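**Student:** To start, I am sharing the structure in question, which I have written as structure tokens.
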Amino acid sequence: VLLFPLLLTGCMADPYADGIEALENGQYEEAAGQFKEAVKKDENKADSYRGLGIALWETKDYEGAKEALKKALEEGSKKTGTICNLLGSCEFQSGNMEEALKYFEEGQKDAGNSDSLTQSMRFNSICAYEKLGDIETAKSLLKQYTADYPEDEEAVKEAQFLETR
């Protein structure tokens, strides 16, 4: 009789909800495990893959994050600016600057982006062009960027650095 409530609560566990809670609490490894379990149970597959991708990105597992986010899109998740930025960041971390740029540029077209997300993707694009060795494009984009975001000290320093190139 005493084991029945434990068995009942164990059967009613919701790995997707637990994954969301862990993600919100910054427990990324726990979140990843919960989302993997939710995928196995075929629960909210697109959302579970998206959550898994975010959790893995936070733990710096960029290849795993990229795979999970692509699976989320395959399962019907909407290709938002946030997902594009994460995919672009994964590609950037993997050294795939052309792919990173595609995602950053695609993501900037999403009308639902916050200003800070668009700003982040614009700056990430500049960094990707710089990594590609396309300094002129990086300088041009950075000039527009600093005009729009003069308070971004990192961009001001980057502009000073690029002027030496």
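How things are named: the first chain in the structure tokens is A, the next is B, and so on; residues count from 1 in each chain; ligands count from 1 in the order shown.
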DSSP on the backbone: which residues in range 23-92 of chain A end up as helix (DSSP H, G or I)? Give the answer as a VMD selection string.
**Tutor:** chain A and resid 23 to 24 28 to 40 45 to 58 62 to 74 81 to 92
**Student:** Do a neighbour search on Asp14 in chain A at 10 Å with only C-alpha atoms, toss out local chain neighbours closer than 5 positions, and write the hits as a ChimeraX atom specification.
**Tutor:** /A:9,19,34-35,37-38,41,43
**Student:** Could you check how far CA of Glu98 in chain A sits from CA of Thr146 in chain A, in Å to one decimal?
**Tutor:** 23.1 Å
**Student:** Taking 4 positions as the minimum chain separation for residues in the same chain, which residues sit within 9 Å of Leu162 in chain A when counting only C-alpha atoms? Answer as a list in words.
**Tutor:**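 Returned residues: Glu130, Ile135, Ala138, Lys139, Lys157 and Glu158 of chain A.
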**Student:** With only C-alpha atoms as the counted atoms, please give the residues lying no more than 12 Å from Ser140 in chain A, apart from itself and same-chain residues fewer than 6 positions off, as a ChimeraX atom specification.
**Tutor:** /A:122-123,125-126,129-130,134,146-147,159,162-163
**Student:** Generate the output file for the selected residues, all heavy atoms, as a tab-separated table (two decimals), in the first residue's frame.
**Tutor:**
```tsv
chain	number	residue	atom	x	y	z
A	122	ARG	N	23.35	40.22	-35.97
A	122	ARG	CA	24.12	41.17	-36.80
A	122	ARG	C	25.59	41.14	-36.39
A	122	ARG	O	26.48	41.09	-37.24
A	122	ARG	CB	23.54	42.57	-36.67
A	122	ARG	CG	22.23	42.75	-37.42
A	122	ARG	CD	21.68	44.15	-37.29
A	122	ARG	NE	22.57	45.14	-37.94
A	122	ARG	CZ	22.39	46.45	-37.84
A	122	ARG	NH1	21.37	46.95	-37.13
A	122	ARG	NH2	23.22	47.28	-38.45
A	123	PHE	N	25.85	41.17	-35.10
A	123	PHE	CA	27.23	41.14	-34.63
A	123	PHE	C	27.89	39.80	-34.97
A	123	PHE	O	29.06	39.76	-35.39
A	123	PHE	CB	27.31	41.42	-33.13
A	123	PHE	CG	28.71	41.65	-32.65
A	123	PHE	CD1	29.35	42.85	-32.90
A	123	PHE	CD2	29.42	40.66	-31.99
A	123	PHE	CE1	30.66	43.07	-32.48
A	123	PHE	CE2	30.72	40.86	-31.57
A	123	PHE	CZ	31.35	42.07	-31.81
A	125	SER	N	27.25	37.92	-37.47
A	125	SER	CA	27.55	37.94	-38.91
A	125	SER	C	28.87	38.67	-39.18
A	125	SER	O	29.69	38.22	-39.99
A	125	SER	CB	26.43	38.63	-39.69
A	125	SER	OG	25.25	37.87	-39.62
A	126	ILE	N	29.07	39.78	-38.50
A	126	ILE	CA	30.32	40.54	-38.67
A	126	ILE	C	31.51	39.66	-38.29
A	126	ILE	O	32.51	39.60	-39.02
A	126	ILE	CB	30.28	41.82	-37.80
A	126	ILE	CG1	29.21	42.77	-38.34
A	126	ILE	CG2	31.65	42.49	-37.75
A	126	ILE	CD1	28.78	43.86	-37.37
A	129	TYR	N	32.16	37.05	-41.00
A	129	TYR	CA	32.86	37.61	-42.17
A	129	TYR	C	34.33	37.84	-41.86
A	129	TYR	O	35.20	37.58	-42.70
A	129	TYR	CB	32.20	38.92	-42.63
A	129	TYR	CG	31.02	38.71	-43.52
A	129	TYR	CD1	29.73	39.00	-43.08
A	129	TYR	CD2	31.17	38.19	-44.81
A	129	TYR	CE1	28.63	38.80	-43.91
A	129	TYR	CE2	30.08	37.99	-45.64
A	129	TYR	CZ	28.81	38.29	-45.18
A	129	TYR	OH	27.72	38.08	-46.00
A	130	GLU	N	34.60	38.31	-40.66
A	130	GLU	CA	35.99	38.52	-40.26
A	130	GLU	C	36.76	37.20	-40.27
A	130	GLU	O	37.87	37.11	-40.78
A	130	GLU	CB	36.05	39.15	-38.88
A	130	GLU	CG	37.45	39.45	-38.41
A	130	GLU	CD	37.49	40.04	-37.01
A	130	GLU	OE1	36.46	40.50	-36.51
A	130	GLU	OE2	38.59	40.01	-36.43
A	134	ASP	N	36.97	38.14	-45.01
A	134	ASP	CA	36.31	39.18	-45.80
A	134	ASP	C	36.21	40.44	-44.93
A	134	ASP	O	35.15	40.81	-44.43
A	134	ASP	CB	34.92	38.70	-46.24
A	134	ASP	CG	34.26	39.64	-47.23
A	134	ASP	OD1	34.74	40.78	-47.39
A	134	ASP	OD2	33.23	39.24	-47.82
A	146	THR	N	27.57	49.84	-35.67
A	146	THR	CA	27.92	50.81	-34.63
A	146	THR	C	27.08	52.08	-34.74
A	146	THR	O	26.86	52.75	-33.73
A	146	THR	CB	29.43	51.15	-34.64
A	146	THR	OG1	29.81	51.58	-35.94
A	146	THR	CG2	30.26	49.97	-34.20
A	147	ALA	N	26.61	52.40	-35.94
A	147	ALA	CA	25.70	53.54	-36.07
A	147	ALA	C	24.37	53.24	-35.39
A	147	ALA	O	23.77	54.11	-34.76
A	147	ALA	CB	25.49	53.87	-37.55
A	159	ALA	N	35.63	47.62	-34.14
A	159	ALA	CA	35.80	48.58	-35.22
A	159	ALA	C	37.23	49.14	-35.20
A	159	ALA	O	37.87	49.27	-36.25
A	159	ALA	CB	34.78	49.70	-35.11
A	162	LEU	N	39.49	46.39	-36.53
A	162	LEU	CA	39.38	46.19	-37.98
A	162	LEU	C	40.01	47.34	-38.77
A	162	LEU	O	40.45	47.13	-39.90
A	162	LEU	CB	37.93	45.99	-38.40
A	162	LEU	CG	37.32	44.62	-38.09
A	162	LEU	CD1	35.87	44.55	-38.54
A	162	LEU	CD2	38.12	43.49	-38.73
A	163	GLU	N	40.05	48.50	-38.19
A	163	GLU	CA	40.67	49.63	-38.88
A	163	GLU	C	42.17	49.41	-39.07
A	163	GLU	O	42.79	50.00	-39.95
A	163	GLU	CB	40.42	50.94	-38.13
A	163	GLU	CG	39.00	51.47	-38.30
A	163	GLU	CD	38.58	51.63	-39.74
A	163	GLU	OE1	39.36	52.18	-40.57
A	163	GLU	OE2	37.48	51.16	-40.10
```
**Student:** Give one line per residue of range 99-155 of chain A that approaches range 82-94 of chain A to at most 12 Å, naming the two atoms of the closest pair and their distance in Å to one decimal, counting only C-alpha atoms; sort by chain then ascending residue number and deliver it as JSON lines.
**Tutor:**
```
{"residue": "A:Glu99", "atom": "CA", "partner": "A:Glu91", "partner_atom": "CA", "distance": 6.2}
{"residue": "A:Ala100", "atom": "CA", "partner": "A:Gly88", "partner_atom": "CA", "distance": 4.0}
{"residue": "A:Leu101", "atom": "CA", "partner": "A:Gly88", "partner_atom": "CA", "distance": 6.7}
{"residue": "A:Lys102", "atom": "CA", "partner": "A:Gly88", "partner_atom": "CA", "distance": 7.5}
{"residue": "A:Tyr103", "atom": "CA", "partner": "A:Gly88", "partner_atom": "CA", "distance": 4.9}
{"residue": "A:Phe104", "atom": "CA", "partner": "A:Asn85", "partner_atom": "CA", "distance": 5.6}
{"residue": "A:Glu105", "atom": "CA", "partner": "A:Cys84", "partner_atom": "CA", "distance": 8.5}
{"residue": "A:Glu106", "atom": "CA", "partner": "A:Cys84", "partner_atom": "CA", "distance": 6.9}
{"residue": "A:Gly107", "atom": "CA", "partner": "A:Cys84", "partner_atom": "CA", "distance": 4.9}
{"residue": "A:Gln108", "atom": "CA", "partner": "A:Cys84", "partner_atom": "CA", "distance": 8.5}
{"residue": "A:Lys109", "atom": "CA", "partner": "A:Cys84", "partner_atom": "CA", "distance": 10.1}
{"residue": "A:Asp110", "atom": "CA", "partner": "A:Thr82", "partner_atom": "CA", "distance": 9.1}
{"residue": "A:Ala111", "atom": "CA", "partner": "A:Thr82", "partner_atom": "CA", "distance": 11.4}
{"residue": "A:Gly112", "atom": "CA", "partner": "A:Thr82", "partner_atom": "CA", "distance": 9.5}
{"residue": "A:Asn113", "atom": "CA", "partner": "A:Thr82", "partner_atom": "CA", "distance": 7.5}
{"residue": "A:Ser114", "atom": "CA", "partner": "A:Thr82", "partner_atom": "CA", "distance": 9.3}
{"residue": "A:Asp115", "atom": "CA", "partner": "A:Thr82", "partner_atom": "CA", "distance": 11.8}
{"residue": "A:Ser116", "atom": "CA", "partner": "A:Thr82", "partner_atom": "CA", "distance": 10.8}
{"residue": "A:Leu117", "atom": "CA", "partner": "A:Thr82", "partner_atom": "CA", "distance": 7.2}
{"residue": "A:Thr118", "atom": "CA", "partner": "A:Asn85", "partner_atom": "CA", "distance": 9.0}
{"residue": "A:Gln119", "atom": "CA", "partner": "A:Asn85", "partner_atom": "CA", "distance": 10.8}
{"residue": "A:Ser120", "atom": "CA", "partner": "A:Asn85", "partner_atom": "CA", "distance": 8.2}
{"residue": "A:Met121", "atom": "CA", "partner": "A:Asn85", "partner_atom": "CA", "distance": 6.3}
{"residue": "A:Arg122", "atom": "CA", "partner": "A:Asn85", "partner_atom": "CA", "distance": 10.0}
{"residue": "A:Phe123", "atom": "CA", "partner": "A:Asn85", "partner_atom": "CA", "distance": 11.1}
{"residue": "A:Asn124", "atom": "CA", "partner": "A:Ser89", "partner_atom": "CA", "distance": 7.9}
{"residue": "A:Ser125", "atom": "CA", "partner": "A:Gly88", "partner_atom": "CA", "distance": 9.0}
{"residue": "A:Ile126", "atom": "CA", "partner": "A:Phe92", "partner_atom": "CA", "distance": 11.6}
{"residue": "A:Cys127", "atom": "CA", "partner": "A:Phe92", "partner_atom": "CA", "distance": 9.1}
{"residue": "A:Ala128", "atom": "CA", "partner": "A:Phe92", "partner_atom": "CA", "distance": 7.0}
{"residue": "A:Tyr129", "atom": "CA", "partner": "A:Phe92", "partner_atom": "CA", "distance": 10.6}
{"residue": "A:Glu130", "atom": "CA", "partner": "A:Phe92", "partner_atom": "CA", "distance": 11.6}
{"residue": "A:Lys131", "atom": "CA", "partner": "A:Phe92", "partner_atom": "CA", "distance": 9.2}
{"residue": "A:Leu132", "atom": "CA", "partner": "A:Phe92", "partner_atom": "CA", "distance": 10.6}
```
**Student:** If you count only C-alpha atoms, which residues fall within 12 Å of range 15-18 of chain A, apart from same-chain ones fewer than 2 positions away, as an MDAnalysis selection string?
**Tutor:** chainID A and resid 10:13 20:25 27:28 30:52
**Student:** Create the file for the chosen residues now, containing C-alpha atoms and written as a compact mmCIF listing (two decimals), in the first residue's frame.
**Tutor:**
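Once everything was written out, this is selection.txt:
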```txt
# COMPACT_ATOMS: atom_id res chain seq x y z
CA GLY A 10 6.80 7.41 -11.18
CA CYS A 11 4.42 6.45 -13.96
CA MET A 12 3.11 9.98 -14.24
CA ALA A 13 6.53 11.62 -14.61
CA ILE A 20 11.64 22.72 -19.18
CA GLU A 21 11.94 23.23 -15.44
CA ALA A 22 15.58 22.14 -15.41
CA LEU A 23 16.32 24.41 -18.38
CA GLU A 24 14.71 27.38 -16.64
CA ASN A 25 16.79 26.64 -13.52
CA GLN A 27 20.44 22.73 -14.89
CA TYR A 28 21.42 22.05 -18.48
CA GLU A 30 19.58 17.49 -16.25
CA ALA A 31 17.47 19.23 -18.89
CA ALA A 32 19.27 17.39 -21.69
CA GLY A 33 18.59 14.05 -20.00
CA GLN A 34 14.92 14.86 -19.52
CA PHE A 35 14.48 16.00 -23.12
CA LYS A 36 16.20 12.85 -24.40
CA GLU A 37 13.75 10.82 -22.33
CA ALA A 38 10.82 12.82 -23.72
CA VAL A 39 12.02 12.12 -27.28
CA LYS A 40 12.23 8.39 -26.48
CA LYS A 41 8.67 8.51 -25.15
CA ASP A 42 7.60 10.39 -28.30
CA GLU A 43 6.36 13.33 -26.20
CA ASN A 44 6.28 16.79 -27.77
CA LYS A 45 9.01 15.63 -30.11
CA ALA A 46 9.68 18.92 -31.89
CA ASP A 47 9.67 20.89 -28.64
CA SER A 48 11.71 18.22 -26.88
CA TYR A 49 14.38 18.32 -29.59
CA ARG A 50 14.39 22.12 -29.42
CA GLY A 51 14.82 22.01 -25.64
CA LEU A 52 17.56 19.42 -26.03
```
**Student:** Calculate how many Å separate CA of Met97 in chain A from CA of Glu136 in chain A, rounding to one decimal.
**Tutor:** 15.9 Å
**Student:** Suppose you want the space between CA of Asp61 in chain A and CA of Glu75 in chain A; what is it in Å?
**Tutor:**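 Taking CA of Asp61 in chain A as the start and CA of Glu75 in chain A as the end point, the length is 20.9 Å.
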